[in-house]
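A.B. asks: Have a look at the structure that comes next, please.
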Amino acid sequence: MWEKIKNLVLDMIFPIPDLPLGLTVNNTLFCAVCRARLAENKKICHRQAPYLLGAAVNYNEAAIRQMIWQLKYRGRTGIAFLLARLLRDYLQKLNLNLKNYLIVPVPLSKERLRERGYNQAALIAKIVAEDLKMEFAENILTRIRHASPQVGAKDWTERKKNVAGCFVCPKPIKGQNILLVDDVSTSGATLNEAAKTLKAAGAKKIIGLVVAKAN
Ligand SMILES: [Zn+2]
């Protein structure tokens, strides 16, 4: 209750900014492994990667880092609308055929969800799904635990080990294509693990779609 009032007051004092002008929205998908831009959005290098990476902007944009932080740690859930708009602009530029795709947010564990009160990835994903009239399938993937904070993990192998086995698919997925949505991808270890889990459950094509990627 108090938290809600506090956020309401904060929203009045610091209104949610409009999208910063001059933000460069990307226009290709990326290789999930080496992050090369993929011409015509096709896998050309690391073909073994379980997904293609889609990132609207780069995480080094200060305005984006600020917005994501406010959304995740300051309860400013209205920011999800702005970030969803960025994703929509990006998807429009990509011009992909998303007809047979489901939108699935990267889940939080029950404990983390209780702590934060909402899953920021799900907030963003739901708005995108509604706008694009796509099916929002939140329960396809669940998270059974949270890795120890990625900050401490030094290299890729360690980050990968951190998230290994933290997702499950409660039911088999019958050849569905999936747009897997998260707010940020830093090392890519989380998206990689989630995509691997979805593939093992029967998913066909997977695009890991994030608002911002580091590097
Ligand atoms: Zn590559």
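In the structure tokens, the first chain shown is A, the next is B, and so on; residue numbers restart at 1 for each chain, and ligands run from 1 in the order shown.
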Can you pull out every residue with an atom within 12 Å of ligand 1? Use only C-alpha atoms and all ligand atoms and format it as a list in words.
C.D. replies: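 Selection of residues at most 12 Å from ligand 1: Leu29, Phe30, Cys31, Ala32, Val33, Cys34, Arg35, Ala36, Arg37, Leu38, Ala39, Lys42, Lys43, Ile44, Cys45, His46, Arg47, Gln48, Ala49, Pro50, Tyr51, Leu52 and Leu53 of chain A.
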A.B. asks: Write down as a PyMOL selection string the residues belonging to stretch 26-207 of chain A that are assigned strand (DSSP E) by DSSP computed on the backbone.
C.D. replies: chain A and resi 29-31+37-38+52-58+101-105+135-136+142-143+167-168+177-185+206-207
A.B. asks: Any chance you could tabulate, as CSV, the residues of stretch 98-130 of chain A at most 9 Å from stretch 155-177 of chain A with each one's nearest atom pair and distance in Å to one decimal, using only C-alpha atoms, in chain and rising number order?
C.D. replies:
```
residue,atom,partner,partner_atom,distance
A:Leu98,CA,A:Asn177,CA,8.5
A:Asn100,CA,A:Asn177,CA,6.1
A:Tyr101,CA,A:Asn177,CA,4.6
A:Leu102,CA,A:Asn177,CA,6.4
A:Ile103,CA,A:Asn177,CA,8.9
A:Pro107,CA,A:Phe167,CA,8.4
A:Ser109,CA,A:Cys166,CA,8.8
```
A.B. asks: Give me, as a list in words, all polymer residues having an atom no more than 6 Å from A:Ala56, counting only C-alpha atoms and skipping those fewer than 2 positions away in the same chain.
C.D. replies: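 In the requested form, the answer reads Val25, Asn26, Leu87, Tyr90, Val211 and Ala212 of chain A.
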A.B. asks: Write out as number ranges by chain which residues come within 12 Å of stretch 184-186 of chain A when counting only C-alpha atoms, dropping same-chain ones fewer than 2 positions away.
C.D. replies: A: 32-33, 35, 53-60, 64-65, 67-69, 71-72, 83, 87, 105-106, 120-121, 124, 150-151, 153, 155-156, 159, 180-182, 188-192, 208-215
A.B. asks: Those same residues, written as a CSV table (one decimal), in the first residue's frame with N, CA and C atoms?
C.D. replies:
```csv
chain,number,residue,atom,x,y,z
A,32,ALA,N,23.9,-15.0,-31.3
A,32,ALA,CA,23.8,-15.1,-29.9
A,32,ALA,C,25.2,-15.4,-29.3
A,33,VAL,N,26.1,-15.9,-30.1
A,33,VAL,CA,27.5,-16.3,-29.5
A,33,VAL,C,28.5,-15.1,-29.7
A,35,ARG,N,27.8,-12.2,-31.4
A,35,ARG,CA,27.0,-10.9,-31.5
A,35,ARG,C,27.3,-10.1,-32.8
A,53,LEU,N,19.7,-13.6,-31.4
A,53,LEU,CA,19.5,-12.5,-30.5
A,53,LEU,C,18.9,-11.3,-31.2
A,54,GLY,N,17.8,-10.8,-30.6
A,54,GLY,CA,17.3,-9.5,-31.0
A,54,GLY,C,17.4,-8.5,-29.9
A,55,ALA,N,18.0,-7.4,-30.2
A,55,ALA,CA,18.2,-6.3,-29.2
A,55,ALA,C,17.9,-5.0,-29.9
A,56,ALA,N,16.9,-4.3,-29.3
A,56,ALA,CA,16.5,-3.0,-29.8
A,56,ALA,C,17.6,-2.0,-29.8
A,57,VAL,N,18.2,-1.8,-28.6
A,57,VAL,CA,19.3,-0.8,-28.5
A,57,VAL,C,20.4,-1.4,-27.7
A,58,ASN,N,21.4,-0.6,-27.5
A,58,ASN,CA,22.6,-1.0,-26.7
A,58,ASN,C,22.5,-0.5,-25.3
A,59,TYR,N,23.0,-1.4,-24.4
A,59,TYR,CA,22.9,-1.1,-23.0
A,59,TYR,C,23.8,0.1,-22.6
A,60,ASN,N,24.7,0.5,-23.5
A,60,ASN,CA,25.6,1.6,-23.1
A,60,ASN,C,24.9,3.0,-23.2
A,64,ILE,N,18.7,4.4,-21.4
A,64,ILE,CA,18.1,3.1,-21.3
A,64,ILE,C,18.5,2.4,-20.0
A,65,ARG,N,19.7,2.5,-19.6
A,65,ARG,CA,20.2,1.9,-18.3
A,65,ARG,C,19.3,2.5,-17.2
A,67,MET,N,16.3,3.9,-17.4
A,67,MET,CA,14.9,3.4,-17.4
A,67,MET,C,14.7,2.0,-16.9
A,68,ILE,N,15.6,1.1,-17.3
A,68,ILE,CA,15.5,-0.3,-16.9
A,68,ILE,C,15.7,-0.4,-15.4
A,69,TRP,N,16.6,0.4,-14.9
A,69,TRP,CA,16.9,0.4,-13.4
A,69,TRP,C,15.6,0.8,-12.7
A,71,LEU,N,12.6,0.7,-13.7
A,71,LEU,CA,11.5,-0.3,-13.9
A,71,LEU,C,11.7,-1.5,-12.9
A,72,LYS,N,13.0,-1.9,-12.8
A,72,LYS,CA,13.3,-3.1,-12.0
A,72,LYS,C,13.4,-2.9,-10.5
A,83,LEU,N,9.4,0.8,-23.0
A,83,LEU,CA,10.4,-0.2,-23.5
A,83,LEU,C,9.7,-1.1,-24.5
A,87,LEU,N,10.7,-2.0,-28.5
A,87,LEU,CA,10.7,-3.4,-29.0
A,87,LEU,C,9.9,-3.4,-30.3
A,105,PRO,N,7.9,-14.6,-21.8
A,105,PRO,CA,8.8,-13.8,-21.0
A,105,PRO,C,9.8,-14.7,-20.3
A,106,VAL,N,11.1,-14.2,-20.1
A,106,VAL,CA,12.0,-14.9,-19.2
A,106,VAL,C,11.4,-14.8,-17.8
A,120,GLN,N,9.4,-7.8,-14.6
A,120,GLN,CA,9.5,-6.7,-15.6
A,120,GLN,C,9.5,-7.2,-17.0
A,121,ALA,N,10.1,-8.4,-17.3
A,121,ALA,CA,10.1,-9.0,-18.6
A,121,ALA,C,8.7,-9.3,-19.1
A,124,ILE,N,6.7,-6.1,-20.1
A,124,ILE,CA,7.0,-5.6,-21.4
A,124,ILE,C,6.5,-6.6,-22.5
A,150,GLN,N,25.0,-12.5,-11.1
A,150,GLN,CA,25.9,-12.6,-12.2
A,150,GLN,C,27.1,-11.7,-12.0
A,151,VAL,N,26.9,-10.7,-11.2
A,151,VAL,CA,28.0,-9.7,-11.1
A,151,VAL,C,29.3,-10.4,-10.7
A,153,ALA,N,30.2,-13.4,-11.2
A,153,ALA,CA,30.7,-14.4,-12.1
A,153,ALA,C,31.6,-13.8,-13.1
A,155,ASP,N,33.7,-15.2,-15.9
A,155,ASP,CA,33.7,-15.5,-17.3
A,155,ASP,C,32.5,-16.3,-17.7
A,156,TRP,N,32.4,-16.5,-19.0
A,156,TRP,CA,31.2,-17.2,-19.6
A,156,TRP,C,31.0,-18.5,-19.0
A,159,ARG,N,29.4,-18.1,-15.7
A,159,ARG,CA,28.0,-17.6,-15.8
A,159,ARG,C,27.1,-18.7,-16.3
A,180,LEU,N,11.3,-15.0,-27.1
A,180,LEU,CA,11.6,-15.1,-25.7
A,180,LEU,C,12.1,-13.7,-25.3
A,181,VAL,N,11.3,-13.1,-24.4
A,181,VAL,CA,11.5,-11.7,-24.1
A,181,VAL,C,12.2,-11.4,-22.7
A,182,ASP,N,13.2,-10.6,-22.7
A,182,ASP,CA,13.8,-10.1,-21.4
A,182,ASP,C,14.1,-8.7,-21.6
A,188,GLY,N,24.5,-13.1,-21.9
A,188,GLY,CA,23.7,-14.0,-22.7
A,188,GLY,C,23.5,-15.3,-22.1
A,189,ALA,N,24.0,-15.6,-20.9
A,189,ALA,CA,24.0,-16.9,-20.3
A,189,ALA,C,22.5,-17.3,-19.9
A,190,THR,N,21.7,-16.3,-19.5
A,190,THR,CA,20.4,-16.6,-19.1
A,190,THR,C,19.5,-16.9,-20.3
A,191,LEU,N,19.6,-16.1,-21.4
A,191,LEU,CA,18.8,-16.4,-22.6
A,191,LEU,C,19.2,-17.7,-23.1
A,192,ASN,N,20.5,-18.0,-23.1
A,192,ASN,CA,21.0,-19.3,-23.7
A,192,ASN,C,20.4,-20.5,-22.9
A,208,GLY,N,15.6,-14.6,-29.1
A,208,GLY,CA,15.7,-14.0,-27.7
A,208,GLY,C,15.7,-12.5,-27.9
A,209,LEU,N,14.6,-11.9,-27.5
A,209,LEU,CA,14.3,-10.5,-27.8
A,209,LEU,C,14.5,-9.6,-26.5
A,210,VAL,N,15.5,-8.7,-26.5
A,210,VAL,CA,15.7,-7.9,-25.3
A,210,VAL,C,15.7,-6.4,-25.7
A,211,VAL,N,15.3,-5.6,-24.8
A,211,VAL,CA,15.3,-4.2,-25.0
A,211,VAL,C,16.8,-3.7,-25.3
A,212,ALA,N,17.7,-4.2,-24.4
A,212,ALA,CA,19.1,-3.7,-24.6
A,212,ALA,C,20.1,-4.9,-24.4
A,213,LYS,N,21.1,-4.8,-25.2
A,213,LYS,CA,22.2,-5.8,-25.0
A,213,LYS,C,23.5,-5.1,-24.7
A,214,ALA,N,24.3,-5.7,-23.8
A,214,ALA,CA,25.6,-5.2,-23.5
A,214,ALA,C,26.5,-5.7,-24.6
A,215,ASN,N,27.5,-4.9,-25.0
A,215,ASN,CA,28.4,-5.2,-26.1
A,215,ASN,C,27.8,-5.1,-27.5
```
A.B. asks: Please identify all polymer residues within 9 Å of A:Lys93, counting only C-alpha atoms, omitting same-chain residues fewer than 2 positions from it, and present them as number ranges by chain.
C.D. replies: A: 25-28, 88-91, 95-96
A.B. asks: Can I get the selection written as a PDB file, in the first residue's frame, with C-alpha atoms?
C.D. replies:
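Written output follows (result19.pdb):
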```pdb
ATOM      1  CA  VAL A  25      17.258   1.460 -32.687  1.00  0.00           C
ATOM      2  CA  ASN A  26      19.071  -1.468 -34.287  1.00  0.00           C
ATOM      3  CA  ASN A  27      17.894  -2.975 -37.562  1.00  0.00           C
ATOM      4  CA  THR A  28      19.220  -6.534 -37.578  1.00  0.00           C
ATOM      5  CA  ARG A  88       7.850  -2.701 -31.409  1.00  0.00           C
ATOM      6  CA  ASP A  89       9.870  -0.134 -33.371  1.00  0.00           C
ATOM      7  CA  TYR A  90      12.706  -2.619 -33.561  1.00  0.00           C
ATOM      8  CA  LEU A  91      10.477  -5.500 -34.696  1.00  0.00           C
ATOM      9  CA  ASN A  95      10.176  -7.025 -40.634  1.00  0.00           C
ATOM     10  CA  LEU A  96      10.128 -10.680 -39.537  1.00  0.00           C
TER      11      LEU A  96
END
```
A.B. asks: Would you mind reading off the distance between atom CA of A:Leu108 and atom CA of A:Leu141, one decimal, in Å?
C.D. replies: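 Computing it gives 9.9 Å between the two atoms.
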A.B. asks: In stretch 88-196 of chain A, what's helix (DSSP H, G or I) per DSSP? Answer as a ChimeraX atom specification?
C.D. replies: /A:88-94,110-116,120-132,138-140,150-152,156-163,189-196
